[in-house]
Amino acid sequence: MKHRIVVLGAGYAGAFAAGSLARRLSSADVEITVVNAVPDFVERMRLHQLATGQDLAVRGLADVFAGTGVRLCLARVTGVDPACRTVAVTGEDGDRELAYDTLVYALGSSAARHDVPGVAEYAFDVAGLSSALRLRERLARLDGGGTVLVVGEGLTGIETATELAESRPDLSVALAARGELGAWLSPKARRHLRRAFDRLGVTVHEHTGIEAVEPTRAIASGGAAIPADVTVWSAGFAVHPIAAAGGLAVAGTGQIVVDRTMRSVSHPDVYAAGDCAYAIGDNGRPLPMSCASAGFTTMQATAAIIARLTGTEVPTIGLKYHGNHISLGRRDAIFQMVDGDVRSKSWYLGGRIAARLKAGVLKGAGFGIAHPTFGRPKRKRRLAAAAGAPDRIGARAAA
């Protein structure tokens, strides 16, 4: 009987994991199934562009995995039972269960509402395809002179506010920040960011927490009202409670607690990658929810799975966060390097060069997903007779 690998989610982490496993493991020994709720790969890093009216390339997952041996199951995950090694899903065929021998949990995250009144009813976000399309439709109906408030001074909030201001100069765009705008950036990068906001006409409300969202305004701490025909909520991310409900060990964030190889500390047949993994980086701190972290954790998880199944030494992949890359519309960006303690270095790259670099990163990520067999080895690995028995962790990086 073949070893059954089930991958939950086909975002950056899940799609890359499935393609990498199919590329390097023999189909004579393994059966790989990817479960995803929608038929297309969603470029989450571009959803703020989609929301502002830009069109993105559509990559059907059936086409992506054609010829790889990966099975695509279009369904929504409703539960996991790590004790029985099954996953409950619901789709066009109704409710059913999928059995697995190894599970890759990569369901990502969604917008964190923080129990703020009115967010669920009136706010929009760009954390998922359906929500980004909902925002796109609302903005298309918004007449010139309308007001848009972006809540959150993180990367998503900054990118969304600047993209909106550049794409819709007829709108009045503002951003509400709990602290100082770009406080984590180096002084020079912070000045670059402020110049970009001034150039695009984005109003910044610093040291302003939002305590309620209403249909045409947001209520700040202290009671002040900020006009907002549209409120875009970008105040962090949260993971789905499915993992916790299934009995997997999770952190306070709900993320699956994993060891250095991205394997669940409570259930060794489960690996987590991307935003849903509570992984400790090389600096001793939890990795942030980001595309970069998704890349590191996915490479480590797939390398560990392959090594354990083929009876070889488990390699270690570097888990070092190098910096933040922030788009400021289509023609401007900031690339801020950080040190080992995630403190901004004095050097940064900005302007059109940084924008082209960011575009290249996005294009490269999309190409990697769309071509899962690119650079595949000439000979795929066969499973060891006693798969999973060796568990030596080496210091070398995976090839």
# chains A, B, ... in the order shown; residues from 1 in each chain; ligands from 1

$ residues_around --residues "Val6 in chain A" --least-positions-apart "2" --cutoff "6 Å" --atoms "only C-alpha atoms" --output "list of chain:residue names"
A:Ile32, A:Thr33, A:Val34, A:Tyr100, A:Leu103

$ closest_atom_pairs --of "range 39-118 of chain A" --to "range 137-152 of chain A" --cutoff "12 Å" --atoms "only C-alpha atoms" --output "JSON lines"
{"residue": "A:His48", "atom": "CA", "partner": "A:Val150", "partner_atom": "CA", "distance": 11.5}
{"residue": "A:Leu50", "atom": "CA", "partner": "A:Glu137", "partner_atom": "CA", "distance": 10.4}
{"residue": "A:Ala51", "atom": "CA", "partner": "A:Leu139", "partner_atom": "CA", "distance": 7.9}
{"residue": "A:Thr52", "atom": "CA", "partner": "A:Leu139", "partner_atom": "CA", "distance": 7.2}
{"residue": "A:Gly53", "atom": "CA", "partner": "A:Ala140", "partner_atom": "CA", "distance": 7.7}
{"residue": "A:Gln54", "atom": "CA", "partner": "A:Ala140", "partner_atom": "CA", "distance": 11.4}
{"residue": "A:Ala111", "atom": "CA", "partner": "A:Gly152", "partner_atom": "CA", "distance": 11.2}
{"residue": "A:Ala112", "atom": "CA", "partner": "A:Gly152", "partner_atom": "CA", "distance": 11.0}
{"residue": "A:Arg113", "atom": "CA", "partner": "A:Val151", "partner_atom": "CA", "distance": 10.9}
{"residue": "A:Val116", "atom": "CA", "partner": "A:Val151", "partner_atom": "CA", "distance": 11.8}

$ select_by_dssp --residues "range 36-211 of chain A" --states "helix (DSSP H, G or I)" --output "ChimeraX atom specification"
/A:44-51,61-64,119-122,129-140,155-167,187-200

$ atom_distance --atom1 "CA of Arg330 in chain A" --atom2 "CA of Leu181 in chain A"
20.2 Å

$ select_by_dssp --residues "range 177-355 of chain A" --states "strand (DSSP E or B)" --output "PyMOL selection string"
chain A and resi 203-205+210-214+217-220+225-227+230-233+237-238+250+256-258+263-264+270-272+277-278+280+286+314+323-327+333-338+344-350

$ residues_around --residues "Pro372 in chain A" --least-positions-apart "3" --cutoff "8 Å" --atoms "only C-alpha atoms" --output "list in words"
Phe16, Gly19, Ser20, Arg23, Val64, Phe65, Thr68, Gly368 and Ile369 of chain A

$ write_last_selection --atoms "N, CA and C atoms" --output "compact mmCIF listing (two decimals), in the first residue's frame"
# COMPACT_ATOMS: atom_id res chain seq x y z
N PHE A 16 3.49 24.67 -2.80
CA PHE A 16 4.92 24.39 -2.92
C PHE A 16 5.26 23.05 -2.29
N GLY A 19 4.09 20.18 -4.62
CA GLY A 19 4.95 20.07 -5.79
C GLY A 19 6.32 19.53 -5.46
N SER A 20 6.90 19.97 -4.34
CA SER A 20 8.22 19.52 -3.94
C SER A 20 8.23 18.04 -3.60
N ARG A 23 7.85 16.00 -6.75
CA ARG A 23 9.05 16.09 -7.58
C ARG A 23 10.15 15.16 -7.09
N VAL A 64 -1.87 23.27 -12.75
CA VAL A 64 -0.60 23.32 -12.02
C VAL A 64 -0.10 21.91 -11.72
N PHE A 65 -1.00 21.04 -11.26
CA PHE A 65 -0.58 19.70 -10.83
C PHE A 65 -0.72 18.65 -11.92
N THR A 68 1.87 15.64 -12.55
CA THR A 68 2.75 15.46 -11.38
C THR A 68 2.38 14.25 -10.54
N GLY A 368 7.31 29.46 -9.47
CA GLY A 368 7.60 28.23 -8.73
C GLY A 368 6.35 27.41 -8.47
N ILE A 369 5.25 28.09 -8.18
CA ILE A 369 3.99 27.38 -7.95
C ILE A 369 3.46 26.79 -9.26

$ closest_residue --among "A:Leu74, A:Ala10, A:Leu25, A:Leu362" --to "Gly94 in chain A" --atoms "only C-alpha atoms"
A:Leu74

$ closest_residue --among "A:Ile256, A:Ala132, A:Val342, A:Ala279" --to "Trp184 in chain A" --atoms "only C-alpha atoms"
A:Val342

$ closest_residue --among "A:Glu43, A:Val89, A:Ser26, A:Phe335" --to "Ile353 in chain A" --atoms "only C-alpha atoms"
A:Phe335

$ residues_around --residues "Arg382 in chain A" --least-positions-apart "4" --cutoff "9 Å" --atoms "only C-alpha atoms" --output "JSON, numbers by chain"
{"A": [25, 26, 27, 28, 29, 30, 309, 310]}

$ write_last_selection --atoms "N, CA and C atoms" --output "short mmCIF file (atom, residue, chain, number, x, y, z; two decimals), in the first residue's frame"
data_model
loop_
_atom_site.label_atom_id
_atom_site.label_comp_id
_atom_site.auth_asym_id
_atom_site.auth_seq_id
_atom_site.Cartn_x
_atom_site.Cartn_y
_atom_site.Cartn_z
N LEU A 25 9.76 12.43 -4.55
CA LEU A 25 9.41 11.09 -4.08
C LEU A 25 8.79 10.26 -5.20
N SER A 26 9.08 8.99 -5.22
CA SER A 26 8.59 8.10 -6.27
C SER A 26 7.10 7.88 -6.13
N SER A 27 6.38 8.04 -7.25
CA SER A 27 4.94 7.80 -7.24
C SER A 27 4.60 6.34 -7.05
N ALA A 28 5.61 5.47 -7.17
CA ALA A 28 5.38 4.05 -6.91
C ALA A 28 5.17 3.79 -5.43
N ASP A 29 5.63 4.74 -4.59
CA ASP A 29 5.58 4.53 -3.14
C ASP A 29 4.64 5.48 -2.42
N VAL A 30 4.36 6.64 -3.00
CA VAL A 30 3.54 7.63 -2.30
C VAL A 30 2.34 8.06 -3.12
N LEU A 309 11.01 9.52 5.35
CA LEU A 309 10.40 8.45 4.56
C LEU A 309 11.44 7.64 3.80
N THR A 310 12.54 8.25 3.44
CA THR A 310 13.56 7.54 2.67
C THR A 310 14.71 7.03 3.54
#

$ closest_residue --among "A:Gly284, A:Val361, A:Gly9, A:Asp115" --to "Leu72 in chain A" --atoms "only C-alpha atoms"
A:Gly9

$ closest_residue --among "A:Ile242, A:Ala304, A:Leu61, A:Val258" --to "Leu287 in chain A" --atoms "only C-alpha atoms"
A:Val258

$ closest_residue --among "A:Arg260, A:Lys358, A:Arg331, A:His267" --to "Leu248 in chain A" --atoms "only C-alpha atoms"
A:His267

$ atom_distance --atom1 "CA of Gly69 in chain A" --atom2 "CA of Arg24 in chain A"
11.7 Å

$ atom_distance --atom1 "CA of Tyr271 in chain A" --atom2 "CA of His3 in chain A"
15.2 Å

$ residues_around --residues "range 199-206 of chain A" --least-positions-apart "2" --cutoff "8 Å" --atoms "only C-alpha atoms" --output "JSON, numbers by chain"
{"A": [161, 162, 165, 166, 169, 172, 173, 174, 175, 176, 177, 178, 179, 180, 181, 195, 196, 197, 208]}

$ residues_around --residues "Ala224 in chain A" --least-positions-apart "6" --cutoff "12 Å" --atoms "only C-alpha atoms" --output "PDB file with N, CA and C atoms, in the first residue's frame"
ATOM      1  N   HIS A 205      -3.402  58.673  10.695  1.00  0.00           N
ATOM      2  CA  HIS A 205      -3.862  58.919  12.064  1.00  0.00           C
ATOM      3  C   HIS A 205      -3.004  58.043  12.985  1.00  0.00           C
ATOM      4  N   THR A 208      -3.665  55.817  17.059  1.00  0.00           N
ATOM      5  CA  THR A 208      -5.129  55.788  16.967  1.00  0.00           C
ATOM      6  C   THR A 208      -5.611  54.343  16.866  1.00  0.00           C
ATOM      7  N   GLY A 209      -6.135  53.831  17.952  1.00  0.00           N
ATOM      8  CA  GLY A 209      -6.737  52.507  17.921  1.00  0.00           C
ATOM      9  C   GLY A 209      -8.204  52.622  17.538  1.00  0.00           C
ATOM     10  N   ILE A 210      -8.700  51.686  16.764  1.00  0.00           N
ATOM     11  CA  ILE A 210     -10.100  51.693  16.338  1.00  0.00           C
ATOM     12  C   ILE A 210     -10.877  50.731  17.227  1.00  0.00           C
ATOM     13  N   GLU A 211     -11.912  51.246  17.871  1.00  0.00           N
ATOM     14  CA  GLU A 211     -12.682  50.456  18.830  1.00  0.00           C
ATOM     15  C   GLU A 211     -14.040  50.006  18.294  1.00  0.00           C
ATOM     16  N   ALA A 212     -14.449  50.540  17.150  1.00  0.00           N
ATOM     17  CA  ALA A 212     -15.719  50.120  16.549  1.00  0.00           C
ATOM     18  C   ALA A 212     -15.758  50.576  15.099  1.00  0.00           C
ATOM     19  N   VAL A 213     -16.445  49.802  14.285  1.00  0.00           N
ATOM     20  CA  VAL A 213     -16.622  50.145  12.868  1.00  0.00           C
ATOM     21  C   VAL A 213     -18.121  50.255  12.595  1.00  0.00           C
ATOM     22  N   ARG A 217     -18.326  55.226   9.137  1.00  0.00           N
ATOM     23  CA  ARG A 217     -17.256  55.794   9.955  1.00  0.00           C
ATOM     24  C   ARG A 217     -16.667  54.729  10.869  1.00  0.00           C
ATOM     25  N   ALA A 218     -15.515  55.077  11.428  1.00  0.00           N
ATOM     26  CA  ALA A 218     -14.879  54.229  12.434  1.00  0.00           C
ATOM     27  C   ALA A 218     -14.711  55.057  13.696  1.00  0.00           C
TER      28      ALA A 218
END

$ decode --residues "range 318-360 of chain A" --atoms "N, CA and C atoms" --output "mmCIF file, in the first residue's frame"
data_model
loop_
_atom_site.group_PDB
_atom_site.id
_atom_site.type_symbol
_atom_site.label_atom_id
_atom_site.label_comp_id
_atom_site.auth_asym_id
_atom_site.auth_seq_id
_atom_site.Cartn_x
_atom_site.Cartn_y
_atom_site.Cartn_z
ATOM 1 N N GLY A 318 17.809 26.912 7.159
ATOM 2 C CA GLY A 318 17.935 28.136 7.943
ATOM 3 C C GLY A 318 16.588 28.816 8.147
ATOM 4 N N LEU A 319 16.322 29.224 9.370
ATOM 5 C CA LEU A 319 15.076 29.916 9.694
ATOM 6 C C LEU A 319 15.410 31.327 10.167
ATOM 7 N N LYS A 320 16.003 32.092 9.274
ATOM 8 C CA LYS A 320 16.433 33.442 9.608
ATOM 9 C C LYS A 320 15.624 34.449 8.804
ATOM 10 N N TYR A 321 15.029 35.402 9.501
ATOM 11 C CA TYR A 321 14.240 36.438 8.857
ATOM 12 C C TYR A 321 15.167 37.562 8.417
ATOM 13 N N HIS A 322 15.201 37.838 7.125
ATOM 14 C CA HIS A 322 16.186 38.776 6.579
ATOM 15 C C HIS A 322 15.685 40.215 6.479
ATOM 16 N N GLY A 323 14.384 40.411 6.333
ATOM 17 C CA GLY A 323 13.926 41.778 6.205
ATOM 18 C C GLY A 323 12.495 41.889 5.716
ATOM 19 N N ASN A 324 12.045 43.121 5.550
ATOM 20 C CA ASN A 324 10.685 43.414 5.092
ATOM 21 C C ASN A 324 10.738 44.088 3.729
ATOM 22 N N HIS A 325 9.881 43.623 2.837
ATOM 23 C CA HIS A 325 9.789 44.199 1.506
ATOM 24 C C HIS A 325 8.381 44.760 1.353
ATOM 25 N N ILE A 326 8.257 46.068 1.254
ATOM 26 C CA ILE A 326 6.958 46.738 1.295
ATOM 27 C C ILE A 326 6.691 47.466 -0.013
ATOM 28 N N SER A 327 5.638 47.094 -0.703
ATOM 29 C CA SER A 327 5.240 47.813 -1.913
ATOM 30 C C SER A 327 4.544 49.106 -1.527
ATOM 31 N N LEU A 328 4.843 50.167 -2.265
ATOM 32 C CA LEU A 328 4.199 51.472 -2.067
ATOM 33 C C LEU A 328 3.581 51.883 -3.392
ATOM 34 N N GLY A 329 2.599 51.127 -3.859
ATOM 35 C CA GLY A 329 2.081 51.301 -5.200
ATOM 36 C C GLY A 329 2.907 50.478 -6.173
ATOM 37 N N ARG A 330 2.740 50.735 -7.453
ATOM 38 C CA ARG A 330 3.424 49.922 -8.469
ATOM 39 C C ARG A 330 4.837 50.416 -8.767
ATOM 40 N N ARG A 331 5.173 51.641 -8.421
ATOM 41 C CA ARG A 331 6.466 52.199 -8.843
ATOM 42 C C ARG A 331 7.385 52.568 -7.686
ATOM 43 N N ASP A 332 7.021 52.158 -6.493
ATOM 44 C CA ASP A 332 7.832 52.501 -5.330
ATOM 45 C C ASP A 332 7.749 51.357 -4.326
ATOM 46 N N ALA A 333 8.791 51.199 -3.540
ATOM 47 C CA ALA A 333 8.817 50.150 -2.527
ATOM 48 C C ALA A 333 9.962 50.413 -1.566
ATOM 49 N N ILE A 334 9.970 49.662 -0.475
ATOM 50 C CA ILE A 334 11.049 49.712 0.507
ATOM 51 C C ILE A 334 11.481 48.293 0.813
ATOM 52 N N PHE A 335 12.792 48.068 0.781
ATOM 53 C CA PHE A 335 13.337 46.795 1.236
ATOM 54 C C PHE A 335 14.223 47.097 2.430
ATOM 55 N N GLN A 336 13.757 46.688 3.622
ATOM 56 C CA GLN A 336 14.455 46.986 4.869
ATOM 57 C C GLN A 336 15.111 45.726 5.419
ATOM 58 N N MET A 337 16.432 45.714 5.477
ATOM 59 C CA MET A 337 17.152 44.592 6.051
ATOM 60 C C MET A 337 17.079 44.655 7.577
ATOM 61 N N VAL A 338 17.080 43.462 8.229
ATOM 62 C CA VAL A 338 17.071 43.412 9.691
ATOM 63 C C VAL A 338 18.223 42.536 10.165
ATOM 64 N N ASP A 339 18.600 42.707 11.439
ATOM 65 C CA ASP A 339 19.679 41.898 11.995
ATOM 66 C C ASP A 339 19.109 40.629 12.629
ATOM 67 N N GLY A 340 19.947 39.895 13.332
ATOM 68 C CA GLY A 340 19.517 38.635 13.928
ATOM 69 C C GLY A 340 18.436 38.774 14.976
ATOM 70 N N ASP A 341 18.314 39.956 15.561
ATOM 71 C CA ASP A 341 17.272 40.216 16.553
ATOM 72 C C ASP A 341 16.072 40.924 15.940
ATOM 73 N N VAL A 342 15.990 40.896 14.596
ATOM 74 C CA VAL A 342 14.892 41.494 13.838
ATOM 75 C C VAL A 342 14.801 43.004 14.073
ATOM 76 N N ARG A 343 15.930 43.630 14.323
ATOM 77 C CA ARG A 343 15.983 45.081 14.411
ATOM 78 C C ARG A 343 16.475 45.630 13.079
ATOM 79 N N SER A 344 15.857 46.712 12.626
ATOM 80 C CA SER A 344 16.193 47.259 11.312
ATOM 81 C C SER A 344 17.635 47.740 11.268
ATOM 82 N N LYS A 345 18.317 47.369 10.188
ATOM 83 C CA LYS A 345 19.657 47.892 9.953
ATOM 84 C C LYS A 345 19.543 49.294 9.373
ATOM 85 N N SER A 346 20.616 50.030 9.411
ATOM 86 C CA SER A 346 20.570 51.406 8.918
ATOM 87 C C SER A 346 20.376 51.456 7.408
ATOM 88 N N TRP A 347 20.816 50.398 6.703
ATOM 89 C CA TRP A 347 20.729 50.389 5.240
ATOM 90 C C TRP A 347 19.347 49.925 4.788
ATOM 91 N N TYR A 348 18.837 50.565 3.735
ATOM 92 C CA TYR A 348 17.594 50.111 3.118
ATOM 93 C C TYR A 348 17.658 50.429 1.627
ATOM 94 N N LEU A 349 16.819 49.773 0.860
ATOM 95 C CA LEU A 349 16.703 50.026 -0.571
ATOM 96 C C LEU A 349 15.303 50.546 -0.833
ATOM 97 N N GLY A 350 15.194 51.626 -1.594
ATOM 98 C CA GLY A 350 13.879 52.194 -1.860
ATOM 99 C C GLY A 350 13.726 52.660 -3.290
ATOM 100 N N GLY A 351 12.501 53.019 -3.657
ATOM 101 C CA GLY A 351 12.238 53.555 -4.987
ATOM 102 C C GLY A 351 11.929 52.496 -6.024
ATOM 103 N N ARG A 352 12.195 52.855 -7.283
ATOM 104 C CA ARG A 352 11.859 51.968 -8.398
ATOM 105 C C ARG A 352 12.654 50.663 -8.380
ATOM 106 N N ILE A 353 13.908 50.742 -7.945
ATOM 107 C CA ILE A 353 14.723 49.519 -7.889
ATOM 108 C C ILE A 353 14.099 48.529 -6.914
ATOM 109 N N ALA A 354 13.695 49.023 -5.746
ATOM 110 C CA ALA A 354 13.052 48.151 -4.767
ATOM 111 C C ALA A 354 11.728 47.616 -5.292
ATOM 112 N N ALA A 355 11.005 48.455 -6.056
ATOM 113 C CA ALA A 355 9.733 48.016 -6.631
ATOM 114 C C ALA A 355 9.954 46.897 -7.642
ATOM 115 N N ARG A 356 10.996 47.057 -8.482
ATOM 116 C CA ARG A 356 11.298 45.999 -9.462
ATOM 117 C C ARG A 356 11.744 44.720 -8.758
ATOM 118 N N LEU A 357 12.478 44.868 -7.675
ATOM 119 C CA LEU A 357 12.905 43.690 -6.911
ATOM 120 C C LEU A 357 11.697 42.964 -6.327
ATOM 121 N N LYS A 358 10.759 43.724 -5.768
ATOM 122 C CA LYS A 358 9.545 43.116 -5.219
ATOM 123 C C LYS A 358 8.744 42.423 -6.316
ATOM 124 N N ALA A 359 8.647 43.062 -7.474
ATOM 125 C CA ALA A 359 7.929 42.445 -8.590
ATOM 126 C C ALA A 359 8.593 41.138 -9.009
ATOM 127 N N GLY A 360 9.931 41.125 -8.963
ATOM 128 C CA GLY A 360 10.653 39.911 -9.306
ATOM 129 C C GLY A 360 10.407 38.797 -8.306
#
